[in-house]
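Asks: The structure's right below; bear with me while I get my questions together.
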Amino acid sequence: MTASSPPVPAVVRLLAEPVRWRLMRELASGDQRVRELTAAVRQPQNLVSYHLRQLRAAGLVTARRSSFDGRDTYYRLDLDSCAQALAASVTALHPGLALPPAVPQAPTAPEAVRRRVLFVCTGNTGRSPMAEALLRHQAGPHVEAASAGIRPKPLHPDAVAVMRDRYRIDITGHQPTPVETVAHERFDFVITLCDKAREHCPEFPGHPGLIHWSMPDPAAAEGNLAGYPAFERTAAELETRIRFLLPVLREFSPTAG
């Protein structure tokens with residue numbers, strides 16, 4: 001390297017470390033706690049925590065206190081930040097390698113093998129019906145989206161308002177569904193949207209892919225960010241997560257049996 005050569009991009013240096021790369025790979029499949037990451041990468045907890053701090057400082061990973069057990073913290077891969085950092089790094093190598101912006105695409109599989117996705121939260125009142133509607137809207141007929149709750153409650157009016165105002169999607173016909181009533185059905189993916197739902201979600205036949213998105217209950221938000229703004233933030237986070245879920249659905253191959 002000459003004196004005039006640009007430095008190696010920070011994201012390249014970070015991800016070149018094997019443990020950090022493995023942690024990123026684990027978090028790419030869903031939000032996880034430190035003890036789960038420790039078991040997955042087979043490294044001491046203090047080392048895993050050190051690398052998580054490095055990834056958080058770089059803006060690639062975020063942390064959120066568990067709403068089910070306040071002693072736990074869930075770590076999440078910030079996919080938008082990762083995409084931007086990686087795009088900048090390849091552009092630094094050569095401008096011809098610039099990555100085009102990601103454009104959501106519906107799975108192209110035939111209708112006969114369309115994917116079935118279930119979203120589960122506690123009340124099936126805000127997060128999961130919004131996720132169901134957003135996935136159906138973005139993926140079209142190639143994905144069958146559904147939602148259910150551990151303890152269903154009536155649909156929250158702010159969820160209805162945000163989906164109507166922000167996305168022009170009408171969810172007023174949604175009926176809260178107990179998760180037990182769909183526990184016998186086969187899904188390709190079951191996505192839990194709150195920590196309580198993750199702990200109490202029943203087992204489903206066919207061994208579906210299990211994904212956890214640790215998201216706070218917008219109905220429980222307090223202060224100036226409560227009410228409609230809380231549901232706006234939730235919808236925006238769901239939109240981002242679902243945008244990155246679509247390529248996973250495109251690559252997924254259902255197994256027989």
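FYI, nothing fancy with the structure tokens labels: chains A, B, ... in order, residues from 1 per chain, ligands from 1 as they appear.
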Any idea what's packed within 9 Å of stretch 170-173 of chain A, counting only C-alpha atoms, ignoring anything in its chain fewer than 3 positions away? Could you give it as a PyMOL selection string?

Replies: chain A and resi 129-130+133+155+157+159-161+163-164+167

Asks: What are the DSSP strand (DSSP E) residues of stretch 4-81 of chain A, as number ranges by chain?

Replies: A: 32-33, 61-65, 73-77

Asks: For A:Ser214, find every residue with an atom within 10 Å (counting only C-alpha atoms), except residues of its own chain fewer than 5 positions away, and show them as a list in words.

Replies: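 Listed by chain and then number, they are Gly30, Asp31, Gln32, Ala63, Arg64, Arg65, Ser66, Ser67, Thr73, Tyr74, Tyr75, Arg76, Cys121, Thr192, Leu193, Cys194, Asp195, Lys196, Ala197 and Arg198 of chain A.
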
Asks: Just write the chosen residues, N, CA, C and O atoms, as a PDB file, in the first residue's frame.

Replies:
ATOM      1  N   GLY A  30     -32.254 -13.772  12.660  1.00  0.00           N
ATOM      2  CA  GLY A  30     -33.227 -13.315  13.643  1.00  0.00           C
ATOM      3  C   GLY A  30     -32.554 -12.766  14.887  1.00  0.00           C
ATOM      4  O   GLY A  30     -31.354 -12.980  15.122  1.00  0.00           O
ATOM      5  N   ASP A  31     -33.328 -12.057  15.702  1.00  0.00           N
ATOM      6  CA  ASP A  31     -32.809 -11.443  16.920  1.00  0.00           C
ATOM      7  C   ASP A  31     -32.490 -12.525  17.943  1.00  0.00           C
ATOM      8  O   ASP A  31     -33.245 -13.483  18.113  1.00  0.00           O
ATOM      9  N   GLN A  32     -31.368 -12.345  18.667  1.00  0.00           N
ATOM     10  CA  GLN A  32     -30.946 -13.356  19.628  1.00  0.00           C
ATOM     11  C   GLN A  32     -30.352 -12.706  20.870  1.00  0.00           C
ATOM     12  O   GLN A  32     -29.915 -11.551  20.849  1.00  0.00           O
ATOM     13  N   ALA A  63     -29.297  -3.136  20.030  1.00  0.00           N
ATOM     14  CA  ALA A  63     -29.703  -3.931  21.187  1.00  0.00           C
ATOM     15  C   ALA A  63     -30.999  -3.373  21.745  1.00  0.00           C
ATOM     16  O   ALA A  63     -31.261  -2.162  21.693  1.00  0.00           O
ATOM     17  N   ARG A  64     -31.822  -4.277  22.272  1.00  0.00           N
ATOM     18  CA  ARG A  64     -33.103  -3.862  22.848  1.00  0.00           C
ATOM     19  C   ARG A  64     -33.398  -4.756  24.052  1.00  0.00           C
ATOM     20  O   ARG A  64     -33.296  -5.980  23.958  1.00  0.00           O
ATOM     21  N   ARG A  65     -33.749  -4.133  25.167  1.00  0.00           N
ATOM     22  CA  ARG A  65     -34.070  -4.878  26.376  1.00  0.00           C
ATOM     23  C   ARG A  65     -35.322  -5.715  26.144  1.00  0.00           C
ATOM     24  O   ARG A  65     -36.288  -5.271  25.533  1.00  0.00           O
ATOM     25  N   SER A  66     -35.304  -6.952  26.611  1.00  0.00           N
ATOM     26  CA  SER A  66     -36.433  -7.847  26.425  1.00  0.00           C
ATOM     27  C   SER A  66     -37.665  -7.330  27.153  1.00  0.00           C
ATOM     28  O   SER A  66     -37.585  -6.920  28.320  1.00  0.00           O
ATOM     29  N   SER A  67     -38.806  -7.362  26.489  1.00  0.00           N
ATOM     30  CA  SER A  67     -40.063  -6.967  27.118  1.00  0.00           C
ATOM     31  C   SER A  67     -40.645  -8.095  27.959  1.00  0.00           C
ATOM     32  O   SER A  67     -41.563  -7.871  28.747  1.00  0.00           O
ATOM     33  N   THR A  73     -31.295  -9.093  26.981  1.00  0.00           N
ATOM     34  CA  THR A  73     -31.182  -8.119  25.898  1.00  0.00           C
ATOM     35  C   THR A  73     -31.152  -8.868  24.580  1.00  0.00           C
ATOM     36  O   THR A  73     -30.419  -9.859  24.446  1.00  0.00           O
ATOM     37  N   TYR A  74     -31.947  -8.410  23.637  1.00  0.00           N
ATOM     38  CA  TYR A  74     -31.939  -8.998  22.303  1.00  0.00           C
ATOM     39  C   TYR A  74     -31.092  -8.144  21.371  1.00  0.00           C
ATOM     40  O   TYR A  74     -31.200  -6.908  21.377  1.00  0.00           O
ATOM     41  N   TYR A  75     -30.260  -8.809  20.590  1.00  0.00           N
ATOM     42  CA  TYR A  75     -29.414  -8.131  19.612  1.00  0.00           C
ATOM     43  C   TYR A  75     -29.998  -8.345  18.222  1.00  0.00           C
ATOM     44  O   TYR A  75     -30.489  -9.435  17.893  1.00  0.00           O
ATOM     45  N   ARG A  76     -29.935  -7.299  17.430  1.00  0.00           N
ATOM     46  CA  ARG A  76     -30.541  -7.321  16.103  1.00  0.00           C
ATOM     47  C   ARG A  76     -29.542  -6.801  15.076  1.00  0.00           C
ATOM     48  O   ARG A  76     -28.824  -5.830  15.325  1.00  0.00           O
ATOM     49  N   CYS A 121     -47.712 -12.371  17.793  1.00  0.00           N
ATOM     50  CA  CYS A 121     -47.359 -11.469  18.888  1.00  0.00           C
ATOM     51  C   CYS A 121     -48.295 -11.779  20.057  1.00  0.00           C
ATOM     52  O   CYS A 121     -49.043 -12.762  20.015  1.00  0.00           O
ATOM     53  N   THR A 192     -42.042 -14.690  15.323  1.00  0.00           N
ATOM     54  CA  THR A 192     -42.539 -14.074  16.553  1.00  0.00           C
ATOM     55  C   THR A 192     -42.063 -12.631  16.623  1.00  0.00           C
ATOM     56  O   THR A 192     -40.904 -12.332  16.333  1.00  0.00           O
ATOM     57  N   LEU A 193     -42.964 -11.754  17.030  1.00  0.00           N
ATOM     58  CA  LEU A 193     -42.695 -10.323  16.991  1.00  0.00           C
ATOM     59  C   LEU A 193     -42.526  -9.708  18.375  1.00  0.00           C
ATOM     60  O   LEU A 193     -42.269  -8.515  18.477  1.00  0.00           O
ATOM     61  N   CYS A 194     -42.715 -10.501  19.408  1.00  0.00           N
ATOM     62  CA  CYS A 194     -42.457  -9.997  20.752  1.00  0.00           C
ATOM     63  C   CYS A 194     -41.860 -11.124  21.582  1.00  0.00           C
ATOM     64  O   CYS A 194     -42.028 -12.308  21.275  1.00  0.00           O
ATOM     65  N   ASP A 195     -41.165 -10.752  22.642  1.00  0.00           N
ATOM     66  CA  ASP A 195     -40.410 -11.724  23.417  1.00  0.00           C
ATOM     67  C   ASP A 195     -41.332 -12.688  24.163  1.00  0.00           C
ATOM     68  O   ASP A 195     -41.002 -13.864  24.319  1.00  0.00           O
ATOM     69  N   LYS A 196     -42.476 -12.206  24.611  1.00  0.00           N
ATOM     70  CA  LYS A 196     -43.426 -13.091  25.287  1.00  0.00           C
ATOM     71  C   LYS A 196     -43.957 -14.140  24.319  1.00  0.00           C
ATOM     72  O   LYS A 196     -44.091 -15.320  24.673  1.00  0.00           O
ATOM     73  N   ALA A 197     -44.253 -13.728  23.090  1.00  0.00           N
ATOM     74  CA  ALA A 197     -44.747 -14.675  22.092  1.00  0.00           C
ATOM     75  C   ALA A 197     -43.698 -15.737  21.789  1.00  0.00           C
ATOM     76  O   ALA A 197     -44.024 -16.907  21.582  1.00  0.00           O
ATOM     77  N   ARG A 198     -42.443 -15.328  21.774  1.00  0.00           N
ATOM     78  CA  ARG A 198     -41.378 -16.309  21.508  1.00  0.00           C
ATOM     79  C   ARG A 198     -41.343 -17.391  22.580  1.00  0.00           C
ATOM     80  O   ARG A 198     -41.155 -18.573  22.286  1.00  0.00           O
TER      81      ARG A 198
END

Asks: Go ahead and compute the interatomic distance for atom CA of A:Ala221 and atom CA of A:Ala57, in Å to one decimal.

Replies: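 Computing it gives 26.0 Å between the two atoms.
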
Asks: In Å, how far is it from atom CA of A:Leu23 to atom CA of A:Arg56?

Replies: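 That distance, rounded to one decimal, is 11.9 Å.
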
Asks: For the structure I just gave you, how does DSSP split stretch 115-222 of chain A - specifically, which residues are helix (DSSP H, G or I)? Reply as a PyMOL selection string.

Replies: chain A and resi 127-142+157-167+179-182+195-200+218-220

Asks: Compare A:Arg241, A:His94, A:His212, A:Arg13 by their minimum atom-to-atom distance to A:Ala58, counting only C-alpha atoms, and give me the closest one.

Replies: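 Looking at the shortest contact to A:Ala58, the residue is A:Arg13.
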
Asks: For a test of reading the model, state the distance in Å between atom CA of A:Arg25 and atom CA of A:Phe187, rounded to one decimal.

Replies: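 Computed distance, atom CA of A:Arg25 to atom CA of A:Phe187, equals 23.5 Å.
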
Asks: With distances taken over only C-alpha atoms, which residue among A:Leu37, A:Val90, A:Leu97, A:Met24 lies nearest A:Leu60?

Replies: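 Closest residue, counting only C-alpha atoms: A:Met24.
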
Asks: Which residue gives the smallest distance to A:Ile242 among A:Ile150, A:Leu135, A:Val8, A:Ala92, with only C-alpha atoms counted?

Replies: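 The closest residue to A:Ile242 is A:Leu135.
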
Asks: Near A:Pro152, within 6 Å and counting only C-alpha atoms, which residues show up once chain neighbours fewer than 6 positions away are dropped, as a list of chain:residue names?

Replies: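 What passes the distance filter is A:Gly123, A:Asn124, A:Pro176, A:Pro178.
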
Asks: I'd like to know which of A:Val120, A:Ala131, A:Ala83, A:Ala39 is closest to A:Ala183, using only C-alpha atoms.

Replies: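 Closest residue, counting only C-alpha atoms: A:Val120.
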
Asks: Write out as a list in words which residues come within 10 Å of A:Glu144 when counting only C-alpha atoms, dropping same-chain ones fewer than 5 positions away.

Replies: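 The residues that qualify are Arg114, Arg115, Arg116, Val117, Leu118, Glu132, Leu135, Arg136, Ala139, Phe187 and Asp188 of chain A.
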
Asks: Limited to all heavy atoms, could you put the picked residues into a file as an mmCIF file, in the first residue's frame?

Replies:
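The file below, out.cif, is the result:
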data_model
loop_
_atom_site.group_PDB
_atom_site.id
_atom_site.type_symbol
_atom_site.label_atom_id
_atom_site.label_comp_id
_atom_site.auth_asym_id
_atom_site.auth_seq_id
_atom_site.Cartn_x
_atom_site.Cartn_y
_atom_site.Cartn_z
ATOM 1 N N ARG A 114 -46.399 -21.805 -3.058
ATOM 2 C CA ARG A 114 -46.280 -20.506 -2.415
ATOM 3 C C ARG A 114 -45.972 -20.672 -0.928
ATOM 4 O O ARG A 114 -46.393 -21.641 -0.285
ATOM 5 C CB ARG A 114 -47.551 -19.684 -2.621
ATOM 6 C CG ARG A 114 -48.800 -20.223 -1.942
ATOM 7 C CD ARG A 114 -49.956 -19.287 -2.197
ATOM 8 N NE ARG A 114 -51.195 -19.772 -1.606
ATOM 9 C CZ ARG A 114 -52.305 -19.064 -1.558
ATOM 10 N NH1 ARG A 114 -52.341 -17.860 -2.085
ATOM 11 N NH2 ARG A 114 -53.393 -19.559 -1.001
ATOM 12 N N ARG A 115 -45.245 -19.739 -0.389
ATOM 13 C CA ARG A 115 -44.801 -19.819 0.984
ATOM 14 C C ARG A 115 -45.921 -19.410 1.936
ATOM 15 O O ARG A 115 -46.699 -18.507 1.642
ATOM 16 C CB ARG A 115 -43.605 -18.912 1.219
ATOM 17 C CG ARG A 115 -42.316 -19.414 0.561
ATOM 18 C CD ARG A 115 -42.290 -19.105 -0.915
ATOM 19 N NE ARG A 115 -40.959 -19.270 -1.463
ATOM 20 C CZ ARG A 115 -40.654 -20.088 -2.436
ATOM 21 N NH1 ARG A 115 -41.578 -20.851 -2.983
ATOM 22 N NH2 ARG A 115 -39.414 -20.160 -2.885
ATOM 23 N N ARG A 116 -45.962 -20.057 3.095
ATOM 24 C CA ARG A 116 -46.930 -19.716 4.133
ATOM 25 C C ARG A 116 -46.155 -19.174 5.331
ATOM 26 O O ARG A 116 -45.257 -19.828 5.863
ATOM 27 C CB ARG A 116 -47.768 -20.923 4.553
ATOM 28 C CG ARG A 116 -48.603 -21.533 3.443
ATOM 29 C CD ARG A 116 -49.662 -22.467 4.021
ATOM 30 N NE ARG A 116 -50.725 -21.708 4.670
ATOM 31 C CZ ARG A 116 -51.357 -22.102 5.786
ATOM 32 N NH1 ARG A 116 -50.986 -23.208 6.407
ATOM 33 N NH2 ARG A 116 -52.323 -21.353 6.298
ATOM 34 N N VAL A 117 -46.511 -17.951 5.740
ATOM 35 C CA VAL A 117 -45.805 -17.266 6.820
ATOM 36 C C VAL A 117 -46.815 -16.856 7.887
ATOM 37 O O VAL A 117 -47.849 -16.258 7.575
ATOM 38 C CB VAL A 117 -45.054 -16.027 6.296
ATOM 39 C CG1 VAL A 117 -44.339 -15.314 7.446
ATOM 40 C CG2 VAL A 117 -44.055 -16.417 5.213
ATOM 41 N N LEU A 118 -46.505 -17.174 9.134
ATOM 42 C CA LEU A 118 -47.352 -16.786 10.258
ATOM 43 C C LEU A 118 -46.592 -15.826 11.160
ATOM 44 O O LEU A 118 -45.458 -16.097 11.556
ATOM 45 C CB LEU A 118 -47.753 -18.024 11.071
ATOM 46 C CG LEU A 118 -48.557 -17.754 12.344
ATOM 47 C CD1 LEU A 118 -49.957 -17.242 12.001
ATOM 48 C CD2 LEU A 118 -48.630 -18.997 13.227
ATOM 49 N N GLU A 132 -48.638 -8.967 8.822
ATOM 50 C CA GLU A 132 -49.385 -9.801 7.870
ATOM 51 C C GLU A 132 -49.791 -8.998 6.644
ATOM 52 O O GLU A 132 -49.586 -9.423 5.502
ATOM 53 C CB GLU A 132 -50.627 -10.360 8.564
ATOM 54 C CG GLU A 132 -51.565 -11.120 7.654
ATOM 55 C CD GLU A 132 -52.893 -11.456 8.327
ATOM 56 O OE1 GLU A 132 -53.039 -11.216 9.548
ATOM 57 O OE2 GLU A 132 -53.791 -11.964 7.625
ATOM 58 N N LEU A 135 -46.643 -7.885 4.484
ATOM 59 C CA LEU A 135 -46.067 -8.974 3.695
ATOM 60 C C LEU A 135 -46.981 -9.318 2.524
ATOM 61 O O LEU A 135 -46.510 -9.516 1.399
ATOM 62 C CB LEU A 135 -45.832 -10.203 4.562
ATOM 63 C CG LEU A 135 -45.275 -11.427 3.822
ATOM 64 C CD1 LEU A 135 -43.953 -11.105 3.130
ATOM 65 C CD2 LEU A 135 -45.097 -12.611 4.768
ATOM 66 N N ARG A 136 -48.265 -9.387 2.765
ATOM 67 C CA ARG A 136 -49.198 -9.691 1.679
ATOM 68 C C ARG A 136 -49.135 -8.612 0.594
ATOM 69 O O ARG A 136 -49.157 -8.909 -0.604
ATOM 70 C CB ARG A 136 -50.615 -9.793 2.239
ATOM 71 C CG ARG A 136 -51.649 -10.265 1.231
ATOM 72 C CD ARG A 136 -53.028 -10.344 1.835
ATOM 73 N NE ARG A 136 -53.090 -11.334 2.900
ATOM 74 C CZ ARG A 136 -53.391 -11.059 4.162
ATOM 75 N NH1 ARG A 136 -53.653 -9.810 4.518
ATOM 76 N NH2 ARG A 136 -53.445 -12.001 5.058
ATOM 77 N N ALA A 139 -45.454 -8.980 -1.162
ATOM 78 C CA ALA A 139 -45.123 -10.239 -1.825
ATOM 79 C C ALA A 139 -46.171 -10.683 -2.820
ATOM 80 O O ALA A 139 -45.882 -11.510 -3.683
ATOM 81 C CB ALA A 139 -44.905 -11.324 -0.776
ATOM 82 N N PHE A 187 -46.794 -24.202 8.290
ATOM 83 C CA PHE A 187 -46.267 -22.940 7.779
ATOM 84 C C PHE A 187 -44.805 -23.154 7.393
ATOM 85 O O PHE A 187 -44.112 -24.000 7.971
ATOM 86 C CB PHE A 187 -46.373 -21.830 8.831
ATOM 87 C CG PHE A 187 -47.779 -21.442 9.172
ATOM 88 C CD1 PHE A 187 -48.436 -22.034 10.246
ATOM 89 C CD2 PHE A 187 -48.457 -20.505 8.416
ATOM 90 C CE1 PHE A 187 -49.735 -21.687 10.566
ATOM 91 C CE2 PHE A 187 -49.758 -20.145 8.721
ATOM 92 C CZ PHE A 187 -50.402 -20.736 9.796
ATOM 93 N N ASP A 188 -44.350 -22.373 6.429
ATOM 94 C CA ASP A 188 -42.938 -22.432 6.063
ATOM 95 C C ASP A 188 -42.084 -21.654 7.059
ATOM 96 O O ASP A 188 -40.953 -22.044 7.360
ATOM 97 C CB ASP A 188 -42.736 -21.879 4.646
ATOM 98 C CG ASP A 188 -43.453 -22.724 3.608
ATOM 99 O OD1 ASP A 188 -43.219 -23.942 3.581
ATOM 100 O OD2 ASP A 188 -44.263 -22.172 2.845
#
